[in-house]
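In what follows, a single structure is set out as C-alpha cells and then discussed.
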Number of protein chains: 2
Amino acid sequence: MDGDNPYLHAQEDLVARVKEALPEDEVLYDLAELFKIFGDSTRVKLLYILSVSEMCVQDLAQLLGVTQSAVSHQLRALKASKLVRYRREGKTIFYALADGHVRTIIDQGLEHVAE
Amino acid sequence: MDGDNPYLHAQEDLVARVKEALPEDEVLYDLAELFKIFGDSTRVKLLYILSVSEMCVQDLAQLLGVTQSAVSHQLRALKASKLVRYRREGKTIFYALADGHVRTIIDQGLEHVAE
DNA sequence: ATAATAAATGAACAGATGTTCATATGTTAA
DNA sequence: TTAACATATGAACATCTGTTCATTTATTAT
C-alpha cells in the first residue's frame with residue numbers, strides 16, 4: 001500500500017487492463033441502442049410474434065392490443081435497427097424477422113428471466 | 001375470400017395460432033424489463049467491465065467517466081435484476097457479475113451489431 | 001376520377017429515465 | 001469519539017420515450 005497515492009483505493013493496474021479489454025465506445029453505444037429495442041414490452045412481443053410468423057400491421061395491432069399507428073411507429077424502429085424486413089402484397093404489408101439472431105437473443109433473455 | 005367478413009384482411013387462424021405460441025404476458029413484460037437494463041450505454045459498459053473483472057464502485061466510476069453516485073444508482077438497478085453480486089472488503093465494495101448469462105447475451109448482441 | 005382500405009407520419013402530451021448535487025449511512029483508523 | 005473515506009440514497013431536473021389522434025400517402029377496385 002503506497003500511502004502517498006491520493007487514489008489509494010484504486011487498483012490502477014486493473015483499471016488499465018480492463019480499459020484495454022473494452023470494445024470501442026461506439027460499439028458499446030450501438031449495443032445499448034440494440035438492446036433498447038428489446039427493452040419495451042410492445043416491441044419484444046412484436047419481435048416474438050414475428051419469430052413465429054410473418055404478419056401484417058393490422059393483425060399485429062390486434063394481437064398486441066394497441067393502435068395501428070403505435071405498431072407502425074414501432075415497426076419503424078425495428079426497421080431502423082435492421083431487425084425486420086417486409087414485403088408488400090397489394091395494400092397489405094407483411095413484416096418478418098430479418099434474421100435468426102433476434103430469436104436467439106430473446107431465448108437467452110428468457111432463460112435468465114425463467115430463473 | 002369471404003366478402004361478408006368485416007375483417008377481410010385478417011388471417012384469423014394465423015392470429016389465433018400465434019396467440020397460442022406466445023409466452024405469458026407477464027413473462028414478456030419481465031423480459032422487456034431485463035433488456036431495458038442492457039439498453040443503456042452506462043449499464044452495458046458496467047456489465048461488460050464486470051464480465052472482465054470484479055471491481056469497486058470508484059474504479060467503475062472512473063472507468064465510465066461518471067459520478068460515483070451515478071454508478072451507485074445503476075448498480076442498484078443491476079442488483080434488483082439479479083445481474084450482479086457484491087462483497088464488502090473493509091470500506092470498499094466489490095461488484096461482480098452474478099452469472100455467465102450476461103456475457104452470453106452481450107456477445108449475441110455484439111454479433112448483431114458487428115454486421 | 002373516386003371511394004375504400006392499409007400503412008406511415010407528425011404533433012402533442014403524459015410518464016419514465018439518467019444524471020448531478022447534497023446528504024446520509026456504514027466502516028475503519030487515530 | 002472523531003475524522004476520513006467508500007458507498008448509498010433522495011430530491012430535482014432535463015431529456016427521452018411510447019402512445020393516441022389527426023392526417024397523409026399508397027394501392028386497389030369501381
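Lettering and numbering for the C-alpha cells are positional, with chains as A, B, ... in the shown order, residues counted from 1 in each chain, and ligands counted from 1 in the shown order.
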
Using DSSP on the backbone coordinates, identify all residues within chain A classified as alpha helix (DSSP H); present the result as a PyMOL selection string. chain A and resi 12-21+25-38+41-52+57-64+68-80+101-114

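Using only C-alpha atoms (C1' of nucleotides), the chain C residues found within 8 Å of chain A amount to DT5, DA6, DA7 and DA8 of chain C.
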
C-alpha atoms (C1' of nucleotides) of the current selection, written as a PDB file, in the first residue's frame:
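selection.pdb written:
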```
ATOM      1  C1'  DT C   5     -58.671   0.217 -47.334  1.00  0.00           C
ATOM      2  C1'  DA C   6     -53.744  -0.430 -45.349  1.00  0.00           C
ATOM      3  C1'  DA C   7     -49.925   1.665 -43.640  1.00  0.00           C
ATOM      4  C1'  DA C   8     -46.936   5.715 -42.483  1.00  0.00           C
TER       5       DA C   8
END
```

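With distances restricted to only C-alpha atoms (C1' of nucleotides), D:DA14 is the closest residue to DT20 of chain C from D:DA8, D:DT19, D:DA14, D:DT27.
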
Hey, which bits of chain A sit within 7 Å of chain B, and for each residue what's the closest pair of atoms and how far apart in Å (one decimal), counting only C-alpha atoms, rows by chain and increasing number, as a tab-separated table?
```
residue	atom	partner	partner_atom	distance
A:Ala10	CA	B:Asp59	CA	6.1
A:Val15	CA	B:Asp59	CA	6.8
A:Val18	CA	B:Val52	CA	6.7
A:Leu28	CA	B:Ser41	CA	6.3
A:Tyr29	CA	B:Ser41	CA	5.4
A:Asp30	CA	B:Val113	CA	6.7
A:Leu31	CA	B:Gly109	CA	6.3
A:Ala32	CA	B:Gly39	CA	4.4
A:Glu33	CA	B:Gly39	CA	6.1
A:Phe35	CA	B:Gly39	CA	4.5
A:Lys36	CA	B:Gly39	CA	4.0
A:Phe38	CA	B:Phe35	CA	5.7
A:Gly39	CA	B:Lys36	CA	4.0
A:Asp40	CA	B:Ala32	CA	5.1
A:Ser41	CA	B:Ala32	CA	5.1
A:Val44	CA	B:Ala32	CA	6.5
A:Lys45	CA	B:Leu28	CA	6.8
A:Ile49	CA	B:Val18	CA	6.7
A:Val52	CA	B:Val18	CA	6.7
A:Asp59	CA	B:Ala10	CA	6.1
A:Leu63	CA	B:Val15	CA	6.9
A:His101	CA	B:His112	CA	6.9
A:Ile105	CA	B:Gln108	CA	6.3
A:Gln108	CA	B:Ile105	CA	6.3
A:Gly109	CA	B:Leu31	CA	6.3
A:Leu110	CA	B:Leu31	CA	6.3
A:His112	CA	B:His101	CA	6.9
A:Val113	CA	B:Leu31	CA	6.3
```

At a cut-off of 8 Å, can you tabulate as CSV every residue of chain D near chain B together with its closest atom pair and the distance in Å to one decimal, using only C-alpha atoms (C1' of nucleotides) and ordering rows by chain then number?
```
residue,atom,partner,partner_atom,distance
D:DC5,C1',B:Lys91,CA,7.5
D:DA6,C1',B:Lys91,CA,5.3
D:DT7,C1',B:Ser72,CA,7.3
D:DA8,C1',B:Ser72,CA,6.8
```

Can I get the selection written as a compact mmCIF listing (two decimals), in the first residue's frame, with C-alpha atoms (C1' of nucleotides)?
```txt
# COMPACT_ATOMS: atom_id res chain seq x y z
C1' DC D 5 -13.19 7.50 3.30
C1' DA D 6 -16.47 4.37 0.39
C1' DT D 7 -20.91 3.71 -0.89
C1' DA D 8 -25.96 4.53 -0.86
```
